[in-house]
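Participant: Got a file for you: coords-v6.tsv, TSV, C-alpha atoms.
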```
chain	number	residue	atom	x	y	z
A	1	MET	CA	91.17	89.10	109.48
A	2	LYS	CA	88.34	86.71	108.81
A	3	LEU	CA	89.26	83.29	107.57
A	4	ASP	CA	86.50	83.16	105.03
A	5	ASN	CA	85.64	85.56	102.27
A	6	SER	CA	82.10	86.38	103.32
A	7	ASN	CA	83.22	89.97	103.92
A	8	SER	CA	83.52	91.54	100.50
A	9	ASN	CA	86.14	93.94	101.77
A	10	SER	CA	88.25	91.34	103.52
A	11	ASN	CA	91.88	91.62	102.58
A	12	GLY	CA	94.45	89.21	103.78
A	13	GLN	CA	96.72	87.87	101.18
A	14	VAL	CA	99.52	88.81	98.87
A	15	SER	CA	100.65	86.15	96.45
A	16	LEU	CA	103.74	85.63	94.38
A	17	PRO	CA	103.96	83.49	91.25
A	18	ALA	CA	105.81	80.25	90.90
A	19	ALA	CA	109.11	80.18	89.12
A	20	ALA	CA	108.62	79.25	85.50
A	21	ASP	CA	110.70	76.08	85.85
A	22	VAL	CA	108.38	74.54	88.43
A	23	SER	CA	105.19	75.38	86.55
A	24	PRO	CA	103.17	72.35	85.52
A	25	PRO	CA	101.90	72.42	81.97
A	26	ARG	CA	98.36	73.69	81.56
A	27	ASN	CA	95.88	70.85	81.41
A	28	SER	CA	93.76	70.93	78.28
A	29	ASP	CA	90.94	69.25	80.24
A	30	ASP	CA	90.22	72.48	82.09
A	31	ALA	CA	89.57	74.50	78.94
A	32	ASP	CA	85.90	74.99	79.87
A	33	GLU	CA	86.53	75.73	83.53
A	34	ALA	CA	85.14	79.04	84.84
A	35	PHE	CA	87.69	80.91	86.91
A	36	VAL	CA	86.62	82.25	90.30
A	37	PRO	CA	89.22	84.76	91.50
A	38	PRO	CA	89.08	85.50	95.23
A	39	LEU	CA	87.15	88.59	96.25
A	40	ASN	CA	89.15	91.80	95.91
A	41	PHE	CA	91.64	90.02	93.63
A	42	ALA	CA	93.91	92.37	91.70
A	43	MET	CA	97.40	92.61	90.28
A	44	VAL	CA	99.68	94.79	92.39
A	45	ASP	CA	102.56	94.56	89.92
A	46	ASN	CA	104.06	91.95	87.64
A	47	GLY	CA	104.06	88.72	89.65
A	48	ILE	CA	102.39	90.20	92.74
A	49	PHE	CA	98.70	89.78	93.45
A	50	ARG	CA	96.39	90.81	96.29
A	51	SER	CA	93.09	89.35	97.39
A	52	GLY	CA	90.79	88.57	100.26
A	53	PHE	CA	91.17	85.22	101.95
A	54	PRO	CA	90.53	82.48	99.38
A	55	ASP	CA	88.29	79.47	99.80
A	56	SER	CA	88.07	76.23	97.86
A	57	ALA	CA	86.05	77.86	95.07
A	58	ASN	CA	89.13	79.93	94.23
A	59	PHE	CA	91.64	77.07	94.11
A	60	GLY	CA	91.27	76.50	90.35
A	61	PHE	CA	92.00	80.13	89.55
A	62	MET	CA	94.84	80.26	92.06
A	63	LYS	CA	96.35	77.15	90.54
A	64	SER	CA	96.30	78.84	87.13
A	65	LEU	CA	98.48	81.64	88.55
A	66	ARG	CA	101.28	79.20	89.31
A	67	LEU	CA	102.01	80.87	92.62
A	68	ARG	CA	105.33	80.39	94.34
A	69	SER	CA	104.52	82.01	97.68
A	70	VAL	CA	101.53	83.26	99.65
A	71	ILE	CA	101.81	85.91	102.36
A	72	CYS	CA	99.00	85.67	104.91
A	73	LEU	CA	98.53	88.61	107.28
A	74	CYS	CA	95.97	86.93	109.55
A	75	PRO	CA	96.97	85.80	113.06
A	76	GLU	CA	94.40	82.97	113.12
A	77	PRO	CA	95.51	79.38	112.39
A	78	TYR	CA	95.65	78.79	108.65
A	79	PRO	CA	92.69	76.68	107.43
A	80	GLU	CA	93.62	73.08	106.82
A	81	ALA	CA	92.03	72.80	103.39
A	82	THR	CA	93.85	75.87	102.14
A	83	ALA	CA	97.14	74.65	103.62
A	84	GLU	CA	96.65	71.34	101.82
A	85	PHE	CA	96.04	73.16	98.55
A	86	LEU	CA	99.24	75.14	98.98
A	87	ASN	CA	101.25	72.02	99.84
A	88	ALA	CA	99.85	70.09	96.89
A	89	ASN	CA	100.90	72.88	94.54
A	90	GLY	CA	104.35	73.57	95.96
A	91	ILE	CA	103.34	77.01	97.25
A	92	ARG	CA	105.20	78.28	100.31
A	93	LEU	CA	103.15	80.00	103.01
A	94	TYR	CA	104.51	83.00	104.91
A	95	GLN	CA	102.22	83.97	107.76
A	96	PHE	CA	102.71	87.33	109.47
A	97	GLY	CA	99.76	87.60	111.82
A	98	ILE	CA	98.82	91.23	112.38
A	99	ASP	CA	96.08	92.10	114.84
A	100	GLY	CA	93.14	94.05	113.54
A	101	CYS	CA	90.27	93.01	111.38
A	102	LYS	CA	90.58	95.09	108.22
A	103	HIS	CA	92.80	96.39	105.44
A	104	ARG	CA	96.13	94.91	106.41
A	105	THR	CA	96.68	94.09	102.75
A	106	GLY	CA	95.76	97.67	101.86
A	107	CYS	CA	98.47	98.96	104.22
A	108	LEU	CA	101.06	96.55	102.84
A	109	VAL	CA	100.28	97.50	99.25
A	110	GLY	CA	100.40	101.17	100.24
A	111	CYS	CA	103.90	100.65	101.65
A	112	ILE	CA	104.95	98.92	98.44
A	113	ARG	CA	103.70	101.97	96.51
A	114	ARG	CA	105.77	104.23	98.80
A	115	LEU	CA	108.82	102.14	97.86
A	116	GLN	CA	107.80	102.55	94.23
A	117	ARG	CA	107.75	106.32	94.81
A	118	TRP	CA	104.07	106.82	94.04
A	119	CYS	CA	102.71	110.13	95.31
A	120	LEU	CA	100.42	109.85	98.34
A	121	SER	CA	97.30	110.97	96.49
A	122	SER	CA	97.67	108.06	94.05
A	123	ILE	CA	98.45	105.64	96.89
A	124	PHE	CA	95.32	106.71	98.79
A	125	ASP	CA	93.24	106.58	95.60
A	126	GLU	CA	94.18	102.91	95.30
A	127	TYR	CA	93.81	102.23	99.04
A	128	GLN	CA	90.31	103.70	99.10
A	129	ARG	CA	89.24	101.80	96.01
A	130	PHE	CA	89.74	98.53	97.89
A	131	ALA	CA	88.76	99.73	101.37
A	132	GLY	CA	85.55	101.41	100.22
A	133	ALA	CA	83.41	102.65	103.11
A	134	LYS	CA	85.80	100.93	105.53
A	135	ALA	CA	88.76	103.17	104.73
A	136	ARG	CA	90.54	104.32	107.87
A	137	VAL	CA	92.55	107.48	108.31
A	138	SER	CA	94.87	105.56	110.65
A	139	ASP	CA	95.77	103.16	107.84
A	140	GLN	CA	96.54	106.02	105.52
A	141	ARG	CA	98.60	107.73	108.20
A	142	PHE	CA	100.53	104.46	108.67
A	143	ILE	CA	101.31	104.41	104.96
A	144	GLU	CA	102.32	108.08	105.00
A	145	LEU	CA	104.67	107.58	107.96
A	146	PHE	CA	106.24	104.36	106.63
A	147	ASP	CA	109.97	105.09	106.67
A	148	ILE	CA	111.60	104.41	103.33
A	149	SER	CA	114.66	106.56	103.96
A	150	SER	CA	116.95	103.57	104.44
A	151	LEU	CA	115.74	102.18	101.13
A	152	LYS	CA	115.83	105.33	99.04
A	153	HIS	CA	119.03	104.33	97.29
A	154	ASN	CA	117.50	101.00	96.35
A	155	PRO	CA	113.97	101.89	95.27
A	156	LEU	CA	111.48	99.25	94.24
A	157	ILE	CA	110.52	100.47	90.79
A	158	PHE	CA	107.12	99.59	89.36
A	159	SER	CA	108.28	96.49	87.56
A	160	CYS	CA	106.92	97.53	84.18
A	161	SER	CA	109.56	100.28	84.26
A	162	ARG	CA	112.41	97.83	84.71
A	163	LYS	CA	112.95	96.83	81.13
B	1	MET	CA	84.09	110.92	79.03
B	2	LYS	CA	85.63	114.05	80.40
B	3	LEU	CA	88.92	115.14	78.96
B	4	ASP	CA	90.44	116.00	82.30
B	5	ASN	CA	90.74	113.87	85.41
B	6	SER	CA	88.75	116.09	87.77
B	7	ASN	CA	86.16	113.31	88.01
B	8	SER	CA	87.68	110.72	90.31
B	9	ASN	CA	85.67	107.98	88.67
B	10	SER	CA	86.46	108.95	85.12
B	11	ASN	CA	87.63	106.03	83.07
B	12	GLY	CA	88.78	106.36	79.55
B	13	GLN	CA	92.01	104.68	78.76
B	14	VAL	CA	93.59	101.30	78.32
B	15	SER	CA	97.32	101.29	77.74
B	16	LEU	CA	99.75	98.76	76.38
B	17	PRO	CA	103.48	98.71	77.07
B	18	ALA	CA	106.20	99.43	74.60
B	19	ALA	CA	108.14	96.58	73.11
B	20	ALA	CA	111.32	96.05	75.10
B	21	ASP	CA	113.52	96.82	72.11
B	22	VAL	CA	112.26	100.37	71.78
B	23	SER	CA	112.50	101.17	75.50
B	24	PRO	CA	114.91	103.99	76.29
B	25	PRO	CA	117.28	103.31	79.17
B	26	ARG	CA	116.10	104.63	82.51
B	27	ASN	CA	117.65	108.01	83.26
B	28	SER	CA	119.49	108.06	86.59
B	29	ASP	CA	118.65	111.77	86.91
B	30	ASP	CA	115.02	110.95	87.70
B	31	ALA	CA	115.86	108.83	90.75
B	32	ASP	CA	114.14	111.32	93.09
B	33	GLU	CA	111.08	111.87	90.90
B	34	ALA	CA	107.69	111.20	92.56
B	35	PHE	CA	105.42	109.19	90.33
B	36	VAL	CA	101.86	110.38	89.82
B	37	PRO	CA	99.81	107.57	88.28
B	38	PRO	CA	96.54	108.70	86.68
B	39	LEU	CA	93.42	108.39	88.80
B	40	ASN	CA	91.95	104.90	88.80
B	41	PHE	CA	95.24	103.49	87.49
B	42	ALA	CA	95.53	99.72	87.81
B	43	MET	CA	97.05	96.73	86.09
B	44	VAL	CA	94.50	94.71	84.17
B	45	ASP	CA	96.98	91.97	83.29
B	46	ASN	CA	100.64	91.75	82.37
B	47	GLY	CA	101.27	94.62	79.97
B	48	ILE	CA	97.72	96.02	80.11
B	49	PHE	CA	96.80	98.98	82.29
B	50	ARG	CA	93.62	100.98	82.86
B	51	SER	CA	93.15	104.50	84.12
B	52	GLY	CA	91.14	107.68	83.94
B	53	PHE	CA	92.14	110.29	81.41
B	54	PRO	CA	95.71	111.41	82.14
B	55	ASP	CA	96.96	114.95	82.35
B	56	SER	CA	100.46	116.38	82.25
B	57	ALA	CA	101.10	115.51	85.91
B	58	ASN	CA	100.92	111.85	84.90
B	59	PHE	CA	103.32	111.98	81.97
B	60	GLY	CA	106.39	111.06	84.05
B	61	PHE	CA	104.75	107.94	85.41
B	62	MET	CA	103.33	107.03	82.02
B	63	LYS	CA	106.75	107.43	80.46
B	64	SER	CA	108.15	104.98	83.02
B	65	LEU	CA	105.68	102.35	81.79
B	66	ARG	CA	107.23	102.41	78.31
B	67	LEU	CA	103.83	102.22	76.69
B	68	ARG	CA	103.45	101.04	73.11
B	69	SER	CA	99.80	101.91	72.58
B	70	VAL	CA	96.99	103.83	74.21
B	71	ILE	CA	93.32	103.06	73.62
B	72	CYS	CA	91.09	106.06	74.22
B	73	LEU	CA	87.35	105.45	74.46
B	74	CYS	CA	86.30	109.13	74.44
B	75	PRO	CA	84.62	110.62	71.35
B	76	GLU	CA	85.97	114.12	72.07
B	77	PRO	CA	89.04	115.41	70.18
B	78	TYR	CA	92.22	114.19	71.87
B	79	PRO	CA	93.95	116.99	73.85
B	80	GLU	CA	96.91	118.43	72.00
B	81	ALA	CA	99.35	118.27	74.94
B	82	THR	CA	98.59	114.58	75.51
B	83	ALA	CA	98.89	113.83	71.80
B	84	GLU	CA	102.29	115.54	71.77
B	85	PHE	CA	103.39	113.45	74.74
B	86	LEU	CA	102.36	110.26	72.96
B	87	ASN	CA	104.14	111.30	69.74
B	88	ALA	CA	107.31	112.24	71.58
B	89	ASN	CA	107.41	108.82	73.21
B	90	GLY	CA	106.52	106.72	70.20
B	91	ILE	CA	103.15	105.68	71.64
B	92	ARG	CA	100.42	104.92	69.13
B	93	LEU	CA	96.92	106.23	69.89
B	94	TYR	CA	93.83	104.20	69.07
B	95	GLN	CA	90.68	106.22	69.62
B	96	PHE	CA	87.33	104.45	69.68
B	97	GLY	CA	84.87	107.14	70.69
B	98	ILE	CA	81.93	105.66	72.57
B	99	ASP	CA	79.03	107.87	73.59
B	100	GLY	CA	78.19	108.01	77.25
B	101	CYS	CA	79.92	109.67	80.14
B	102	LYS	CA	80.96	106.87	82.48
B	103	HIS	CA	82.60	103.48	82.88
B	104	ARG	CA	83.44	102.65	79.27
B	105	THR	CA	86.76	101.32	80.48
B	106	GLY	CA	84.92	99.25	83.10
B	107	CYS	CA	82.84	97.64	80.37
B	108	LEU	CA	85.89	96.94	78.22
B	109	VAL	CA	87.77	95.36	81.11
B	110	GLY	CA	84.68	93.34	81.99
B	111	CYS	CA	84.60	91.97	78.43
B	112	ILE	CA	88.29	91.08	78.70
B	113	ARG	CA	87.49	89.16	81.89
B	114	ARG	CA	84.72	87.31	80.05
B	115	LEU	CA	87.32	86.27	77.46
B	116	GLN	CA	89.54	85.18	80.35
B	117	ARG	CA	86.65	83.05	81.61
B	118	TRP	CA	86.23	84.81	84.94
B	119	CYS	CA	82.89	84.09	86.61
B	120	LEU	CA	80.42	86.99	86.52
B	121	SER	CA	80.50	87.56	90.28
B	122	SER	CA	84.26	88.20	90.14
B	123	ILE	CA	83.88	90.40	87.05
B	124	PHE	CA	81.21	92.50	88.76
B	125	ASP	CA	83.29	92.64	91.97
B	126	GLU	CA	86.07	94.26	89.94
B	127	TYR	CA	83.68	96.47	87.92
B	128	GLN	CA	82.05	97.83	91.07
B	129	ARG	CA	85.39	98.49	92.75
B	130	PHE	CA	86.20	101.01	90.03
B	131	ALA	CA	82.69	102.29	89.36
B	132	GLY	CA	81.85	102.87	93.03
B	133	ALA	CA	78.55	104.64	93.53
B	134	LYS	CA	78.31	105.16	89.77
B	135	ALA	CA	77.98	101.47	88.95
B	136	ARG	CA	75.24	100.84	86.42
B	137	VAL	CA	73.20	97.70	85.97
B	138	SER	CA	73.14	98.39	82.22
B	139	ASP	CA	76.94	98.18	82.11
B	140	GLN	CA	76.92	94.88	83.96
B	141	ARG	CA	74.21	93.57	81.66
B	142	PHE	CA	76.35	94.59	78.66
B	143	ILE	CA	79.26	92.61	80.08
B	144	GLU	CA	77.02	89.61	80.81
B	145	LEU	CA	75.59	89.61	77.27
B	146	PHE	CA	78.94	90.11	75.52
B	147	ASP	CA	79.10	87.22	73.05
B	148	ILE	CA	82.31	85.25	73.39
B	149	SER	CA	80.98	82.13	71.66
B	150	SER	CA	82.99	82.75	68.49
B	151	LEU	CA	86.13	83.08	70.61
B	152	LYS	CA	85.62	80.15	72.95
B	153	HIS	CA	88.15	77.99	71.15
B	154	ASN	CA	90.74	80.72	71.44
B	155	PRO	CA	90.31	82.01	75.01
B	156	LEU	CA	92.34	84.91	76.30
B	157	ILE	CA	93.94	83.36	79.36
B	158	PHE	CA	94.94	85.57	82.29
B	159	SER	CA	98.51	86.07	81.13
B	160	CYS	CA	100.07	84.90	84.37
B	161	SER	CA	98.73	81.45	83.50
B	162	ARG	CA	100.51	81.38	80.17
B	163	LYS	CA	103.92	80.23	81.29
```
What do you get writing this file as structure tokens?
Facilitator:
Amino acid sequence: MKLDNSNSNSNGQVSLPAAADVSPPRNSDDADEAFVPPLNFAMVDNGIFRSGFPDSANFGFMKSLRLRSVICLCPEPYPEATAEFLNANGIRLYQFGIDGCKHRTGCLVGCIRRLQRWCLSSIFDEYQRFAGAKARVSDQRFIELFDISSLKHNPLIFSCSRK
Amino acid sequence: MKLDNSNSNSNGQVSLPAAADVSPPRNSDDADEAFVPPLNFAMVDNGIFRSGFPDSANFGFMKSLRLRSVICLCPEPYPEATAEFLNANGIRLYQFGIDGCKHRTGCLVGCIRRLQRWCLSSIFDEYQRFAGAKARVSDQRFIELFDISSLKHNPLIFSCSRK
């Protein structure tokens, strides 16, 4: 995983929102601010986001999300400026360094979709949308073989279904 | 817009969730059901989804979303089976037929991102992810020229920021 976002298909981060009770009020001074989401940013489900590795240009947008936690899947040391941003905003970093240079986030999201009982064709449709020309059969096989049998009595339902 | 989902890049629908108070309880009988989201399904924001045109294979997943409204951007008559599904589930259909055969949903989502004050590079990153090889400069120009000046004092904030 690269530690910058110069690769438009870089994926390395899953983010969780802050609890409502620790959210600072929105500052009216930033009403004209343009938001710069990280490359490959998307909502995975309510309160779960994915993106490539952010840089300082993305901090304003990330701050607006009121994140509670960030999961980094890169083995490289976490960049100091980004770590400072997380600290300053009360965001906890979980780093699970996984070797390999592509699509770790795509695999993780694919496994989440397995837990949500999506069919494989829909999971791969989503995987390929983010992986583009860099899609790997081995990643898709990993997702297919991910063992959810021990979790089948406690499925992770797509959160919009959990009303 | 095609009225089936045989085109993997077909886009034609934006869906809104049902109000919580009209949501039926989840049936425990469907615990082993595999969900089949429509092609190109994704969350746009909390409570807003996008997808290609659904068919009957997608009805189970769509039902789980407890939709309140569906916006269809196709000018063709709405398929009877899909209309019956919407009626049976209390989902209101809004049809705004727009001529052209591709990416109307991509343009609509791009305009939503303009209202959410995303920078154009991030809007186009998202647009191209869904449009793939069928991305059109004219669509991106439409998004860029979309006039939000009358709405700038009432911006549509990415809903995760609205705590």
Participant: Counting only C-alpha atoms, a student should be able to say which residues of chain A come within 7 Å of chain B; what is the right answer, written as a list in words?
Facilitator: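 Written out as asked, the residues are Ala20, Ala34, Phe35, Val36, Pro37, Leu39, Met43, Asn46, Ser64, Leu65, Arg66, Arg117, Trp118, Cys119, Ser122, Arg129, Phe130, Cys160, Ser161 and Lys163 of chain A.
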Participant: Show me, as a PyMOL selection string, the residues that have an atom within 8 Å of Ile91 in chain A when counting all atoms listed in the file, minus same-chain residues fewer than 4 positions from it.
Facilitator: chain A and resi 18+67-70+86-87
Participant: Around range 148-157 of chain B, with edges along x, y and z and 3 Å added on all six sides, what centre and edge lengths do you get, in Å to one decimal, as AutoDock Vina command-line options?
Facilitator:
```
--center_x 87.5 --center_y 81.6 --center_z 73.9 --size_x 19.0 --size_y 13.3 --size_z 16.9
```
Participant: Take CA of Cys72 in chain B and CA of Phe53 in chain B and report the distance between them in Å, one decimal.
Facilitator: 8.4 Å
Participant: Measuring atom to atom with only C-alpha atoms, identify which of B:Ile98, B:Leu115, B:Leu145, B:Cys107 is nearest to Tyr127 in chain B.
Facilitator: B:Cys107
Participant: Looking at B:Glu84, B:Val109, B:Leu73, B:Ser15, which one is nearest to Phe96 in chain B, with distances taken over all atoms listed in the file?
Facilitator: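 Counting all atoms listed in the file, the residue closest to Phe96 in chain B is B:Leu73.
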Participant: When you look at Phe124 in chain B with a cut-off of 9 Å (counting all atoms listed in the file), what residues show up, excluding the ones that are within fewer than 6 positions of it in the same chain? I need them as a list in words.
Facilitator: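 Near neighbours after the sequence-gap exclusion: Gly110, Gln140 and Ile143 of chain B.
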Participant: Provide the CA of Phe146 in chain A to CA of Phe59 in chain B distance in Å, to one decimal place.
Facilitator: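 Separating CA of Phe146 in chain A from CA of Phe59 in chain B is a distance of 26.0 Å.
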Participant: Between CA of Gln95 in chain B and CA of Ile48 in chain B, what is the spacing in Å?
Facilitator: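 It comes out at 16.2 Å.
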Participant: As a compact mmCIF listing (two decimals), in the coordinates of the input, could you write out range 41-74 of chain B once it has been completed with N, CA and C atoms?
Facilitator:
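Now in result26.txt:
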```
# COMPACT_ATOMS: atom_id res chain seq x y z
N PHE B 41 94.24 104.34 88.16
CA PHE B 41 95.24 103.49 87.49
C PHE B 41 95.28 102.11 88.14
N ALA B 42 95.36 101.09 87.31
CA ALA B 42 95.53 99.72 87.81
C ALA B 42 96.04 98.85 86.69
N MET B 43 96.66 97.73 87.07
CA MET B 43 97.05 96.73 86.09
C MET B 43 95.86 95.83 85.82
N VAL B 44 95.57 95.63 84.55
CA VAL B 44 94.50 94.71 84.17
C VAL B 44 95.08 93.30 84.04
N ASP B 45 96.27 93.23 83.51
CA ASP B 45 96.98 91.97 83.29
C ASP B 45 98.41 92.37 82.93
N ASN B 46 99.28 91.41 82.76
CA ASN B 46 100.64 91.75 82.37
C ASN B 46 100.62 92.60 81.10
N GLY B 47 101.17 93.80 81.16
CA GLY B 47 101.27 94.62 79.97
C GLY B 47 100.03 95.39 79.60
N ILE B 48 98.97 95.30 80.40
CA ILE B 48 97.72 96.02 80.11
C ILE B 48 97.34 96.82 81.36
N PHE B 49 97.15 98.10 81.18
CA PHE B 49 96.80 98.98 82.29
C PHE B 49 95.49 99.69 81.98
N ARG B 50 94.81 100.16 83.01
CA ARG B 50 93.62 100.98 82.86
C ARG B 50 93.79 102.24 83.69
N SER B 51 93.12 103.30 83.30
CA SER B 51 93.15 104.50 84.12
C SER B 51 92.11 105.49 83.62
N GLY B 52 91.88 106.52 84.41
CA GLY B 52 91.14 107.68 83.94
C GLY B 52 92.00 108.46 82.96
N PHE B 53 91.41 109.53 82.42
CA PHE B 53 92.14 110.29 81.41
C PHE B 53 93.33 110.99 82.05
N PRO B 54 94.53 110.81 81.51
CA PRO B 54 95.71 111.41 82.14
C PRO B 54 95.86 112.88 81.83
N ASP B 55 96.54 113.59 82.70
CA ASP B 55 96.96 114.95 82.35
C ASP B 55 98.47 115.05 82.49
N SER B 56 99.01 116.25 82.33
CA SER B 56 100.46 116.38 82.25
C SER B 56 101.17 115.92 83.52
N ALA B 57 100.48 115.97 84.67
CA ALA B 57 101.10 115.51 85.91
C ALA B 57 101.44 114.02 85.86
N ASN B 58 100.74 113.29 84.99
CA ASN B 58 100.92 111.85 84.90
C ASN B 58 101.96 111.42 83.86
N PHE B 59 102.46 112.36 83.10
CA PHE B 59 103.32 111.98 81.97
C PHE B 59 104.59 111.27 82.44
N GLY B 60 105.17 111.71 83.56
CA GLY B 60 106.39 111.06 84.05
C GLY B 60 106.17 109.59 84.38
N PHE B 61 105.06 109.33 85.08
CA PHE B 61 104.75 107.94 85.41
C PHE B 61 104.45 107.14 84.14
N MET B 62 103.67 107.75 83.26
CA MET B 62 103.33 107.03 82.02
C MET B 62 104.57 106.72 81.20
N LYS B 63 105.51 107.67 81.19
CA LYS B 63 106.75 107.43 80.46
C LYS B 63 107.49 106.23 81.03
N SER B 64 107.44 106.10 82.37
CA SER B 64 108.15 104.98 83.02
C SER B 64 107.56 103.63 82.63
N LEU B 65 106.32 103.62 82.17
CA LEU B 65 105.68 102.35 81.79
C LEU B 65 106.12 101.86 80.42
N ARG B 66 106.78 102.76 79.65
CA ARG B 66 107.23 102.41 78.31
C ARG B 66 106.07 101.83 77.48
N LEU B 67 105.02 102.65 77.40
CA LEU B 67 103.83 102.22 76.69
C LEU B 67 104.08 102.11 75.19
N ARG B 68 103.39 101.19 74.56
CA ARG B 68 103.45 101.04 73.11
C ARG B 68 102.20 101.64 72.47
N SER B 69 101.08 101.45 73.14
CA SER B 69 99.80 101.91 72.58
C SER B 69 98.90 102.42 73.69
N VAL B 70 98.03 103.35 73.32
CA VAL B 70 96.99 103.83 74.21
C VAL B 70 95.65 103.70 73.49
N ILE B 71 94.68 103.14 74.17
CA ILE B 71 93.32 103.06 73.62
C ILE B 71 92.48 104.08 74.36
N CYS B 72 91.94 105.03 73.63
CA CYS B 72 91.09 106.06 74.22
C CYS B 72 89.65 105.80 73.80
N LEU B 73 88.75 105.78 74.75
CA LEU B 73 87.35 105.45 74.46
C LEU B 73 86.45 106.69 74.44
N CYS B 74 87.06 107.87 74.45
CA CYS B 74 86.30 109.13 74.44
C CYS B 74 86.05 109.59 73.01
```
